[in-house]
Amino acid sequence: MTIQATCWGAALVAALANSAAGPASAADGELVLATTLTRIPVRASKSGCRCRSSPVFSVLVVVAKGTGASLQMARDGNADVILVHARPLEDAFVAEGYGVMRRDVMTNHFLLVGPPGDPAQVRQTKSIIEAFRSLAAGRGQFVSRGDDSGTHIKEQEIWRATGMPLETKTTRAIVAGQPREFTAVRPRGDWYLSIGQGMGKTLILTSEKQAYTLSDRATYNAFAFAAPPKTDLIVVGEGDPMLFNPYSVIAVNPRKRPHVNFPGAEKYIAWITSPEVQRRIGDFHVGGKTLFFPNAAGQP
């Protein structure tokens, strides 16, 4: 099996399922998975890859992008299935007819992280909205991914909820190696830095600047509890209902893009939501910390 882009989450499930080599199915062929998750080890062999209770593909292409870029890739017909985490954008994708068979897969939570000692005293605030208002009042620098990812979408949702004056900017950036143009809102001020980078690079730069940022729990845990740690940032805001972070898997609608591998997408969705893989998602830990919580059970 050929794998392009190594990643933490999309073939997270392949790693979790303890993949074992098996004969490839020519009928299944190539499956292109666009996902916001990164660093997922997958075992491969010349004959294909069979993960326990999983489909078999002669080629599995895992393309790691932010949610916005993954959705656009699917709209363009360049992906068969996506694994993303920005519910408002997913709703629009499905409503436009591009996505079908959406299923919940897993959840975690976003975190507000900042420097040790929390110089802006964000931990004293009672909600994530209050925490963002406190940072905007000049009490600390904030680093934004600024890349139209699920995390960036959630950050903008929180800024809108603060009721603060915001500015709208059209950004042209290279995201996951591809040119992207998107519109985003942001607060005004030099204290706010938008860098157009993924979560890992954002955490590293935030550490260097001893600033604050919004992170998904999985990436933060992977950095903070690595040996040795890759960041000294601490959690200063968590648990607010606004920080809930669900992940969905969605097949690209073959009526919109007839060339997509829809049978393969169906099999992948059935596999990733199966009891065995859901259990393995829940059992997956880094540094003793759970990264994702399965939530596919009970869906039609």
# chains A, B, ... in the order shown; residues from 1 in each chain; ligands from 1
call {"tool": "residues_around", "arguments": {"residues": "Phe132 in chain A", "least_positions_apart": "5", "cutoff": "8 Å", "atoms": "only C-alpha atoms", "output": "VMD selection string"}}
result
chain A and resid 158 to 159 162
call {"tool": "closest_atom_pairs", "arguments": {"of": "range 136-226 of chain A", "to": "range 71-95 of chain A", "cutoff": "12 Å", "atoms": "only C-alpha atoms", "output": "CSV"}}
result
residue,atom,partner,partner_atom,distance
A:Asp148,CA,A:Ala86,CA,9.9
A:Ser149,CA,A:Ala86,CA,7.9
A:Gly150,CA,A:Ala86,CA,4.8
A:Thr151,CA,A:Ala86,CA,7.8
A:His152,CA,A:Ala86,CA,9.3
A:Ile153,CA,A:Ala86,CA,6.8
A:Lys154,CA,A:Ala86,CA,7.4
A:Glu155,CA,A:Ala86,CA,10.9
A:Gln156,CA,A:Ala86,CA,11.5
A:Glu157,CA,A:Pro88,CA,10.0
A:Val175,CA,A:Gln72,CA,11.8
A:Ala176,CA,A:Met73,CA,11.5
A:Gln178,CA,A:Met73,CA,10.4
A:Pro179,CA,A:Gln72,CA,11.6
A:Arg180,CA,A:Gln72,CA,9.5
A:Glu181,CA,A:Gln72,CA,10.8
A:Phe182,CA,A:Gln72,CA,10.8
A:Asp216,CA,A:His85,CA,10.2
call {"tool": "write_last_selection", "arguments": {"atoms": "N, CA and C atoms", "output": "mmCIF file, in the first residue's frame"}}
result
data_model
loop_
_atom_site.group_PDB
_atom_site.id
_atom_site.type_symbol
_atom_site.label_atom_id
_atom_site.label_comp_id
_atom_site.auth_asym_id
_atom_site.auth_seq_id
_atom_site.Cartn_x
_atom_site.Cartn_y
_atom_site.Cartn_z
ATOM 1 N N ASP A 148 -7.698 28.836 8.542
ATOM 2 C CA ASP A 148 -9.007 28.316 8.145
ATOM 3 C C ASP A 148 -9.200 26.871 8.584
ATOM 4 N N SER A 149 -8.509 26.465 9.632
ATOM 5 C CA SER A 149 -8.660 25.127 10.199
ATOM 6 C C SER A 149 -9.855 25.109 11.151
ATOM 7 N N GLY A 150 -10.212 23.918 11.646
ATOM 8 C CA GLY A 150 -11.284 23.822 12.626
ATOM 9 C C GLY A 150 -10.983 24.632 13.871
ATOM 10 N N THR A 151 -9.719 24.635 14.297
ATOM 11 C CA THR A 151 -9.322 25.410 15.470
ATOM 12 C C THR A 151 -9.472 26.899 15.197
ATOM 13 N N HIS A 152 -9.076 27.338 14.021
ATOM 14 C CA HIS A 152 -9.208 28.750 13.657
ATOM 15 C C HIS A 152 -10.680 29.155 13.555
ATOM 16 N N ILE A 153 -11.522 28.270 13.028
ATOM 17 C CA ILE A 153 -12.956 28.538 12.949
ATOM 18 C C ILE A 153 -13.544 28.706 14.355
ATOM 19 N N LYS A 154 -13.158 27.816 15.273
ATOM 20 C CA LYS A 154 -13.642 27.915 16.656
ATOM 21 C C LYS A 154 -13.161 29.211 17.308
ATOM 22 N N GLU A 155 -11.922 29.570 17.069
ATOM 23 C CA GLU A 155 -11.391 30.820 17.633
ATOM 24 C C GLU A 155 -12.230 32.017 17.179
ATOM 25 N N GLN A 156 -12.568 32.060 15.881
ATOM 26 C CA GLN A 156 -13.378 33.166 15.366
ATOM 27 C C GLN A 156 -14.772 33.166 15.997
ATOM 28 N N GLU A 157 -15.321 31.984 16.229
ATOM 29 C CA GLU A 157 -16.624 31.879 16.884
ATOM 30 C C GLU A 157 -16.578 32.521 18.267
ATOM 31 N N VAL A 175 -1.413 26.951 2.540
ATOM 32 C CA VAL A 175 -1.864 26.062 3.596
ATOM 33 C C VAL A 175 -1.665 24.635 3.126
ATOM 34 N N ALA A 176 -0.886 23.867 3.889
ATOM 35 C CA ALA A 176 -0.561 22.477 3.529
ATOM 36 C C ALA A 176 -0.003 22.397 2.116
ATOM 37 N N GLN A 178 -0.563 24.300 -0.436
ATOM 38 C CA GLN A 178 -1.429 24.753 -1.511
ATOM 39 C C GLN A 178 -1.892 26.188 -1.259
ATOM 40 N N PRO A 179 -2.035 27.001 -2.323
ATOM 41 C CA PRO A 179 -2.539 28.368 -2.136
ATOM 42 C C PRO A 179 -3.998 28.349 -1.720
ATOM 43 N N ARG A 180 -4.339 29.163 -0.730
ATOM 44 C CA ARG A 180 -5.707 29.231 -0.218
ATOM 45 C C ARG A 180 -6.091 30.685 -0.038
ATOM 46 N N GLU A 181 -7.350 30.984 -0.283
ATOM 47 C CA GLU A 181 -7.882 32.308 -0.006
ATOM 48 C C GLU A 181 -9.145 32.149 0.819
ATOM 49 N N PHE A 182 -9.236 32.837 1.917
ATOM 50 C CA PHE A 182 -10.409 32.740 2.768
ATOM 51 C C PHE A 182 -10.576 34.040 3.548
ATOM 52 N N ASP A 216 -6.295 22.377 20.084
ATOM 53 C CA ASP A 216 -7.053 21.170 20.379
ATOM 54 C C ASP A 216 -6.269 20.380 21.427
#
call {"tool": "select_by_dssp", "arguments": {"residues": "range 136-217 of chain A", "states": "helix (DSSP H, G or I)", "output": "ChimeraX atom specification"}}
result
/A:136-139,150-162,199-209,217
call {"tool": "closest_residue", "arguments": {"among": "A:Met101, A:Ala227, A:Leu135, A:Ala34", "to": "Gln299 in chain A", "atoms": "only C-alpha atoms"}}
result
A:Met101
call {"tool": "closest_residue", "arguments": {"among": "A:Glu208, A:Asp190, A:Asp104, A:Asp232", "to": "Pro116 in chain A", "atoms": "only C-alpha atoms"}}
result
A:Asp232
